[in-house]
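Asker: Below is a structure I'd like to ask you about.
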Amino acid sequence: MKYVFFSLYLLLSTGLFAQENSNLVYHNADTFRIMGRGFTELDWKKVSSAPYRDSATYTRLPWSQKEEFRPELWDLGLHSAGITVRFRSNSTTIGVQWSVRSGFGMNHFAATGVRGVDLYVLEGSEWRYAATGIPASGKVNEKVLITEMNNTEKEFMLHLPLYDGVVKLAIGIDSTAKIDAPANPLPLSEKPIVCYGTSITQGGCASRPGMAYPAIISRILQREVINLGFSGNGRMDVLIGEMMTQIDAGAYIVDCLPNCTYEMIKDLGYDFLKNMVMASPNIPLFMVEHVITPAATFSKAEAERIQKKNQTWRSIHERLCNEGMNNIFYIPAQALLGEDSEATVDGIHLTDLGFLRMAKELSKVLASALE
């Protein structure tokens with residue numbers, strides 16, 4: 001038994017579990033197709049100094065408006081949630097090198113979701129999960145994701161960290177293989193869906209980046225989805241609403257109630273939504289209710305708090321519709337997480353099960369409306 005454990009220690013310490021591979025050739029990922037950013041490539045080029053230009057590639061908010069955002073929003077916008085890199089290659093091995101901004105961790109959120117990456121492969125018209133890049137304890141990471149594939153050309157999608165920012169990213173392939181931008185148009189043929197919300201929208205606490213509900217929706221509907229979830233800060237900032245309408249979107253999802261008090265919903269909700277609709281009247285907008293937390297089953301105060309928020313949200317929807325704004329859709333909470341109270345990590349942030357349930361339900365509503 002001691003020999004078995006010692007042998008396992010040697011394997012782990014010498015990196016024989018398909019870690020770094022010196023035979024791979026690494027290519028800067030920003031030469032491929034970066035998706036999930038809501039703003040034009042030109043905005044990133046406005047960052048004048050080279051260090052900031054490098055670190056701006058995988059961020060979610062426009063650098064040209066940096067000074068206009070609340071500091072908390074700006075810092076969260078540096079997280080790479082929802083950003084993916086699409087590429088194609090005939091390599092039998094795929095590796096990745098990525099450096100993150102902080103390298104921090106949480107006690108209720110897997111490191112693979114916070115600052116890891118995961119890889120999908122396109123099979124026909126469906127994306128299939130292939131591998132996860134488990135992060136190191138620091139900021140600099142290098143992992144071989146998958147080996148011994150056949151050498152036919154494949155389309156890949158790499159999801160970036162949900163709760164940390166990527167500063168540098170490179171894709172590793174066999175020295176004799178080719179790598180290029182994607183050839184398959186999926187999901188580039190439609191305008192993106194823009195999701196605005198809280199930590200749940202951002203992806204807390206998915207086990208890996210591809211399991212956040214905006215990412216799942218993207219794969220189900222084959223549409224680009226832009227993740228504008230801001231942990232603890234989905235508070236209907238006027239600037240966020242204005243910024244969303246600058247995106248040439250196919251639909252907007254507003255899912256921010258868990259971060260808003262009743263007073264904020266009552267005082268800000270109508271103007272926030274009306275301004276968005278007036279600026280983009282032809283783009284469908286989906287208002288999502290506050291999810292029903294497990295505690296609401298047992299706590300009368302929690303149930304009443306959520307009910308009060310949702311009733312106010314619904315009254316705003318009815319008011320807007322009565323004013324002739326009929327391109328607004330309302331999504332009630334009852335079906336979002338299921339009825340067994342098994343969809344969360346801590347009573348509010350979702351497990352992969354919760355994200356999958358929520359994504360499937362939202363996708364049904366979105367698909368019907370977008371058709």
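Following the order of the structure tokens, first chain is A, next is B, and so on, with residues numbered from 1 inside each chain and ligands from 1 in the order they appear.
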Within segment 56-254 of chain A, find each residue whose DSSP state, derived from the backbone, is strand (DSSP E), and express the selection as a PyMOL selection string.

Answerer: chain A and resi 84-89+94-100+117-123+126-133+140-146+154-159+166-174+179-180+193-197+225-229+251-254

Asker: Could you build a table of the residues in segment 161-249 of chain A lying no more than 9 Å from segment 135-153 of chain A, giving for each the nearest pair of atoms and their separation in Å rounded to one decimal place, using only C-alpha atoms, ordered by chain and ascending residue number, as CSV?

Answerer:
```
residue,atom,partner,partner_atom,distance
A:Gly172,CA,A:Val144,CA,8.0
A:Ala177,CA,A:Asn151,CA,8.3
A:Lys178,CA,A:Glu153,CA,8.7
```

Asker: Write the residues of the selection above to a file with C-alpha atoms, as a short mmCIF file (atom, residue, chain, number, x, y, z; two decimals), in the first residue's frame.

Answerer:
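Below is the file again20.cif, written as the result:
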```cif
data_model
loop_
_atom_site.label_atom_id
_atom_site.label_comp_id
_atom_site.auth_asym_id
_atom_site.auth_seq_id
_atom_site.Cartn_x
_atom_site.Cartn_y
_atom_site.Cartn_z
CA GLY A 172 -0.93 24.77 -27.87
CA ALA A 177 -0.40 20.64 -36.99
CA LYS A 178 -2.30 23.66 -38.28
#
```

Asker: Extract, using only C-alpha atoms, all DNA, RNA and protein residues at most 8 Å from Ile34 of chain A, discarding same-chain residues fewer than 2 positions from it, and format them as a PyMOL selection string.

Answerer: chain A and resi 30+32+36-37+83-86

Asker: Pull C-alpha atoms from the residues just selected and write them as an mmCIF file, in the first residue's frame.

Answerer:
```cif
data_model
loop_
_atom_site.group_PDB
_atom_site.id
_atom_site.type_symbol
_atom_site.label_atom_id
_atom_site.label_comp_id
_atom_site.auth_asym_id
_atom_site.auth_seq_id
_atom_site.Cartn_x
_atom_site.Cartn_y
_atom_site.Cartn_z
ATOM 1 C CA ASP A 30 -6.250 36.726 -29.833
ATOM 2 C CA PHE A 32 -8.558 33.551 -33.532
ATOM 3 C CA GLY A 36 -18.801 37.064 -25.850
ATOM 4 C CA ARG A 37 -17.542 40.658 -25.938
ATOM 5 C CA ILE A 83 -15.898 35.044 -23.246
ATOM 6 C CA THR A 84 -14.881 32.178 -25.510
ATOM 7 C CA VAL A 85 -12.191 31.567 -28.109
ATOM 8 C CA ARG A 86 -13.182 29.699 -31.274
#
```

Asker: Write out as a tab-separated table (two decimals) with N, CA and C atoms, in the first residue's frame the set of residues from segment 108-348 of chain A that DSSP, computed on the backbone, places in alpha helix (DSSP H).

Answerer:
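Just written: states.tsv:
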```tsv
chain	number	residue	atom	x	y	z
A	111	ALA	N	-12.47	25.96	-8.00
A	111	ALA	CA	-11.42	26.74	-8.68
A	111	ALA	C	-11.54	26.60	-10.19
A	112	THR	N	-12.02	25.47	-10.67
A	112	THR	CA	-12.19	25.27	-12.12
A	112	THR	C	-13.22	26.22	-12.71
A	113	GLY	N	-14.19	26.65	-11.89
A	113	GLY	CA	-15.16	27.64	-12.35
A	113	GLY	C	-14.65	29.06	-12.18
A	114	VAL	N	-14.00	29.31	-11.05
A	114	VAL	CA	-13.51	30.66	-10.76
A	114	VAL	C	-12.46	31.09	-11.78
A	199	SER	N	-24.56	37.64	-9.75
A	199	SER	CA	-23.58	36.57	-9.68
A	199	SER	C	-24.10	35.30	-10.35
A	200	ILE	N	-25.41	35.08	-10.30
A	200	ILE	CA	-25.96	33.89	-10.95
A	200	ILE	C	-25.73	33.98	-12.45
A	201	THR	N	-25.99	35.13	-13.03
A	201	THR	CA	-25.73	35.32	-14.46
A	201	THR	C	-24.24	35.21	-14.76
A	202	GLN	N	-23.42	35.78	-13.92
A	202	GLN	CA	-21.97	35.73	-14.14
A	202	GLN	C	-21.45	34.29	-14.11
A	213	TYR	N	-25.25	29.47	-16.93
A	213	TYR	CA	-26.44	29.36	-17.78
A	213	TYR	C	-26.36	30.15	-19.09
A	214	PRO	N	-25.70	31.32	-19.16
A	214	PRO	CA	-25.58	31.96	-20.48
A	214	PRO	C	-24.78	31.09	-21.47
A	215	ALA	N	-23.77	30.38	-20.98
A	215	ALA	CA	-22.98	29.51	-21.86
A	215	ALA	C	-23.81	28.34	-22.35
A	216	ILE	N	-24.63	27.77	-21.47
A	216	ILE	CA	-25.48	26.65	-21.87
A	216	ILE	C	-26.51	27.11	-22.90
A	217	ILE	N	-27.11	28.28	-22.67
A	217	ILE	CA	-28.06	28.83	-23.64
A	217	ILE	C	-27.40	29.00	-25.01
A	218	SER	N	-26.17	29.49	-25.00
A	218	SER	CA	-25.44	29.68	-26.25
A	218	SER	C	-25.33	28.37	-27.03
A	219	ARG	N	-25.05	27.29	-26.32
A	219	ARG	CA	-24.90	26.00	-27.00
A	219	ARG	C	-26.25	25.43	-27.43
A	220	ILE	N	-27.28	25.62	-26.61
A	220	ILE	CA	-28.60	25.10	-26.96
A	220	ILE	C	-29.15	25.80	-28.20
A	221	LEU	N	-29.05	27.13	-28.21
A	221	LEU	CA	-29.66	27.92	-29.29
A	221	LEU	C	-28.71	28.20	-30.44
A	238	VAL	N	-27.91	53.00	-14.70
A	238	VAL	CA	-28.34	53.64	-15.94
A	238	VAL	C	-27.33	53.40	-17.05
A	239	LEU	N	-26.04	53.50	-16.72
A	239	LEU	CA	-25.00	53.32	-17.73
A	239	LEU	C	-25.03	51.92	-18.34
A	240	ILE	N	-25.34	50.91	-17.53
A	240	ILE	CA	-25.41	49.55	-18.06
A	240	ILE	C	-26.53	49.43	-19.09
A	241	GLY	N	-27.69	50.00	-18.76
A	241	GLY	CA	-28.80	49.96	-19.71
A	241	GLY	C	-28.46	50.66	-21.01
A	242	GLU	N	-27.83	51.82	-20.92
A	242	GLU	CA	-27.42	52.55	-22.13
A	242	GLU	C	-26.41	51.75	-22.93
A	243	MET	N	-25.48	51.14	-22.22
A	243	MET	CA	-24.43	50.38	-22.88
A	243	MET	C	-24.98	49.16	-23.60
A	244	MET	N	-25.96	48.48	-22.98
A	244	MET	CA	-26.56	47.30	-23.61
A	244	MET	C	-27.23	47.64	-24.93
A	262	TYR	N	-36.41	45.74	-2.80
A	262	TYR	CA	-37.75	46.10	-3.27
A	262	TYR	C	-37.79	47.57	-3.69
A	263	GLU	N	-37.15	48.43	-2.88
A	263	GLU	CA	-37.16	49.87	-3.18
A	263	GLU	C	-36.45	50.16	-4.49
A	264	MET	N	-35.35	49.46	-4.76
A	264	MET	CA	-34.64	49.68	-6.01
A	264	MET	C	-35.49	49.27	-7.20
A	265	ILE	N	-36.17	48.15	-7.08
A	265	ILE	CA	-37.04	47.70	-8.18
A	265	ILE	C	-38.15	48.71	-8.42
A	266	LYS	N	-38.76	49.17	-7.33
A	266	LYS	CA	-39.87	50.13	-7.43
A	266	LYS	C	-39.41	51.46	-8.00
A	267	ASP	N	-38.23	51.92	-7.59
A	267	ASP	CA	-37.78	53.26	-7.97
A	267	ASP	C	-37.03	53.29	-9.31
A	268	LEU	N	-36.34	52.21	-9.65
A	268	LEU	CA	-35.47	52.21	-10.82
A	268	LEU	C	-35.97	51.35	-11.98
A	269	GLY	N	-36.75	50.32	-11.67
A	269	GLY	CA	-37.07	49.31	-12.67
A	269	GLY	C	-37.78	49.84	-13.90
A	270	TYR	N	-38.82	50.64	-13.70
A	270	TYR	CA	-39.59	51.14	-14.84
A	270	TYR	C	-38.73	51.96	-15.79
A	271	ASP	N	-37.99	52.92	-15.26
A	271	ASP	CA	-37.17	53.78	-16.12
A	271	ASP	C	-36.05	52.99	-16.79
A	272	PHE	N	-35.44	52.07	-16.06
A	272	PHE	CA	-34.35	51.27	-16.63
A	272	PHE	C	-34.85	50.49	-17.86
A	273	LEU	N	-35.98	49.82	-17.72
A	273	LEU	CA	-36.51	49.01	-18.81
A	273	LEU	C	-37.09	49.87	-19.93
A	274	LYS	N	-37.81	50.91	-19.57
A	274	LYS	CA	-38.41	51.77	-20.60
A	274	LYS	C	-37.34	52.41	-21.46
A	275	ASN	N	-36.26	52.88	-20.85
A	275	ASN	CA	-35.19	53.50	-21.62
A	275	ASN	C	-34.57	52.51	-22.60
A	276	MET	N	-34.41	51.25	-22.16
A	276	MET	CA	-33.87	50.23	-23.05
A	276	MET	C	-34.80	49.98	-24.23
A	277	VAL	N	-36.09	49.86	-23.93
A	277	VAL	CA	-37.06	49.58	-24.99
A	277	VAL	C	-37.16	50.75	-25.96
A	278	MET	N	-37.15	51.97	-25.45
A	278	MET	CA	-37.24	53.13	-26.32
A	278	MET	C	-36.01	53.24	-27.22
A	279	ALA	N	-34.84	52.86	-26.69
A	279	ALA	CA	-33.61	52.94	-27.48
A	279	ALA	C	-33.55	51.83	-28.52
A	300	LYS	N	-41.21	32.10	6.06
A	300	LYS	CA	-42.28	32.98	5.59
A	300	LYS	C	-41.73	34.33	5.18
A	301	ALA	N	-40.74	34.84	5.94
A	301	ALA	CA	-40.16	36.15	5.62
A	301	ALA	C	-39.45	36.13	4.27
A	302	GLU	N	-38.70	35.05	3.99
A	302	GLU	CA	-38.01	34.93	2.70
A	302	GLU	C	-39.00	34.82	1.56
A	303	ALA	N	-40.03	34.03	1.75
A	303	ALA	CA	-41.04	33.88	0.70
A	303	ALA	C	-41.74	35.20	0.40
A	304	GLU	N	-42.06	35.94	1.45
A	304	GLU	CA	-42.74	37.23	1.25
A	304	GLU	C	-41.81	38.25	0.60
A	305	ARG	N	-40.54	38.21	0.97
A	305	ARG	CA	-39.57	39.15	0.37
A	305	ARG	C	-39.47	38.93	-1.13
A	306	ILE	N	-39.32	37.68	-1.55
A	306	ILE	CA	-39.21	37.36	-2.97
A	306	ILE	C	-40.52	37.66	-3.70
A	307	GLN	N	-41.62	37.30	-3.07
A	307	GLN	CA	-42.93	37.55	-3.70
A	307	GLN	C	-43.15	39.04	-3.93
A	308	LYS	N	-42.78	39.86	-2.96
A	308	LYS	CA	-42.95	41.31	-3.09
A	308	LYS	C	-42.13	41.86	-4.24
A	309	LYS	N	-40.90	41.38	-4.37
A	309	LYS	CA	-40.06	41.80	-5.49
A	309	LYS	C	-40.69	41.40	-6.82
A	310	ASN	N	-41.11	40.14	-6.91
A	310	ASN	CA	-41.64	39.64	-8.17
A	310	ASN	C	-42.96	40.29	-8.55
A	311	GLN	N	-43.79	40.58	-7.57
A	311	GLN	CA	-45.04	41.28	-7.86
A	311	GLN	C	-44.78	42.67	-8.41
A	312	THR	N	-43.80	43.35	-7.84
A	312	THR	CA	-43.45	44.68	-8.33
A	312	THR	C	-42.89	44.60	-9.74
A	313	TRP	N	-42.04	43.62	-9.99
A	313	TRP	CA	-41.46	43.40	-11.33
A	313	TRP	C	-42.56	43.14	-12.35
A	314	ARG	N	-43.54	42.30	-11.97
A	314	ARG	CA	-44.64	41.99	-12.87
A	314	ARG	C	-45.50	43.23	-13.15
A	315	SER	N	-45.70	44.05	-12.13
A	315	SER	CA	-46.50	45.26	-12.33
A	315	SER	C	-45.81	46.22	-13.30
A	316	ILE	N	-44.48	46.26	-13.27
A	316	ILE	CA	-43.73	47.09	-14.22
A	316	ILE	C	-43.92	46.55	-15.63
A	317	HIS	N	-43.87	45.24	-15.77
A	317	HIS	CA	-44.09	44.62	-17.08
A	317	HIS	C	-45.48	44.97	-17.62
A	318	GLU	N	-46.48	44.85	-16.77
A	318	GLU	CA	-47.85	45.16	-17.19
A	318	GLU	C	-47.98	46.63	-17.58
A	319	ARG	N	-47.34	47.51	-16.84
A	319	ARG	CA	-47.41	48.95	-17.14
A	319	ARG	C	-46.79	49.23	-18.50
A	320	LEU	N	-45.63	48.64	-18.76
A	320	LEU	CA	-44.96	48.85	-20.05
A	320	LEU	C	-45.80	48.30	-21.20
A	321	CYS	N	-46.38	47.14	-21.02
A	321	CYS	CA	-47.23	46.56	-22.06
A	321	CYS	C	-48.46	47.43	-22.31
A	322	ASN	N	-49.04	47.96	-21.24
A	322	ASN	CA	-50.22	48.82	-21.38
A	322	ASN	C	-49.88	50.12	-22.11
```

Asker: Write out as a tab-separated table a residue-level contact list of segment 249-273 of chain A versus segment 350-362 of chain A with cut-off 12 Å: for each qualifying residue the closest pair of atoms and the distance in Å to one decimal, counting only C-alpha atoms, rows sorted by chain and residue number upward.

Answerer:
```
residue	atom	partner	partner_atom	distance
A:Tyr252	CA	A:Leu362	CA	11.9
A:Ile253	CA	A:Leu362	CA	9.4
A:Val254	CA	A:Leu362	CA	11.7
A:Asp255	CA	A:Leu362	CA	11.0
```

Asker: Find the spatial neighbours of Asp346 of chain A, counting only C-alpha atoms, within a cut-off of 12 Å - ignore same-chain residues fewer than 4 positions away - and output them as a list in words.

Answerer: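 The residues that qualify are Asn107, His108, Phe109, Ile200, Gly204, Cys205, Thr293, Pro294, Ala295, Ser341, Glu342, Leu350, Thr351 and Gly354 of chain A.
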
Asker: Emit the selected residues as a CSV table (one decimal), in the first residue's frame, including C-alpha atoms.

Answerer:
```csv
chain,number,residue,atom,x,y,z
A,107,ASN,CA,-14.8,28.4,-0.2
A,108,HIS,CA,-18.0,27.5,-2.0
A,109,PHE,CA,-17.0,27.8,-5.6
A,200,ILE,CA,-26.0,33.9,-11.0
A,204,GLY,CA,-21.5,31.5,-9.6
A,205,CYS,CA,-21.1,28.7,-8.6
A,293,THR,CA,-34.7,30.0,-3.1
A,294,PRO,CA,-34.9,26.8,-1.0
A,295,ALA,CA,-35.3,28.9,2.1
A,341,SER,CA,-34.6,22.5,-3.8
A,342,GLU,CA,-31.5,20.7,-5.1
A,350,LEU,CA,-26.5,27.6,-8.5
A,351,THR,CA,-24.9,24.2,-9.0
A,354,GLY,CA,-29.5,24.5,-11.3
```

Asker: Go through A:Pro182, A:Gly250, A:Gly124, A:Gly347 and flag the residue nearest Val225 of chain A, using only C-alpha atoms for the distances.

Answerer: A:Gly250

Asker: Between A:Thr132, A:Asn90, A:Thr245, A:Gln334, single out the one closest to Asp180 of chain A, counting only C-alpha atoms.

Answerer: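 Going through A:Thr132, A:Asn90, A:Thr245, A:Gln334 one by one, the smallest distance to Asp180 of chain A is for A:Asn90.
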
Asker: Would you kindly return, as a list in words, each protein, DNA or RNA residue with an atom no farther than 9 Å from any atom of Tyr26 of chain A, considering only C-alpha atoms and excluding same-chain residues fewer than 5 positions away?

Answerer: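 Close residues of Tyr26 of chain A: Gly95, Val96, Gln97, Ala170, Ile171, Gly172, Ile173, Asp174 and Ser175 of chain A.
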
Asker: Taking only C-alpha atoms into account, which of A:Leu370, A:Val291, A:Val166, A:Cys256 comes nearest Glu190 of chain A?

Answerer: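 For Glu190 of chain A, the nearest of the given residues is A:Leu370.
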
Asker: Any chance you could tabulate, as JSON lines, the residues of segment 121-215 of chain A at most 12 Å from segment 59-65 of chain A with each one's nearest atom pair and distance in Å to one decimal, using only C-alpha atoms, in chain and rising number order?

Answerer:
```
{"residue": "A:Leu160", "atom": "CA", "partner": "A:Thr59", "partner_atom": "CA", "distance": 10.5}
{"residue": "A:Pro161", "atom": "CA", "partner": "A:Thr59", "partner_atom": "CA", "distance": 10.9}
{"residue": "A:Leu162", "atom": "CA", "partner": "A:Thr59", "partner_atom": "CA", "distance": 11.1}
{"residue": "A:Tyr163", "atom": "CA", "partner": "A:Thr59", "partner_atom": "CA", "distance": 11.5}
{"residue": "A:Asp164", "atom": "CA", "partner": "A:Thr59", "partner_atom": "CA", "distance": 10.0}
{"residue": "A:Gly165", "atom": "CA", "partner": "A:Thr59", "partner_atom": "CA", "distance": 7.0}
{"residue": "A:Val166", "atom": "CA", "partner": "A:Thr59", "partner_atom": "CA", "distance": 7.8}
{"residue": "A:Val167", "atom": "CA", "partner": "A:Thr59", "partner_atom": "CA", "distance": 9.0}
{"residue": "A:Lys168", "atom": "CA", "partner": "A:Thr59", "partner_atom": "CA", "distance": 11.5}
{"residue": "A:Val194", "atom": "CA", "partner": "A:Arg60", "partner_atom": "CA", "distance": 11.7}
{"residue": "A:Tyr196", "atom": "CA", "partner": "A:Arg60", "partner_atom": "CA", "distance": 11.8}
{"residue": "A:Gln202", "atom": "CA", "partner": "A:Arg60", "partner_atom": "CA", "distance": 11.2}
```

Asker: Of the candidates A:Pro192, A:Gly210, A:Pro284, A:Gly197, which one gets nearest to Phe39 of chain A if we count only C-alpha atoms?

Answerer: A:Pro192

Asker: Between atom CA of Glu371 of chain A and atom CA of Glu224 of chain A, what distance in Å does the model show, to one decimal?

Answerer: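 Calculated distance between atom CA of Glu371 of chain A and atom CA of Glu224 of chain A is 16.1 Å.
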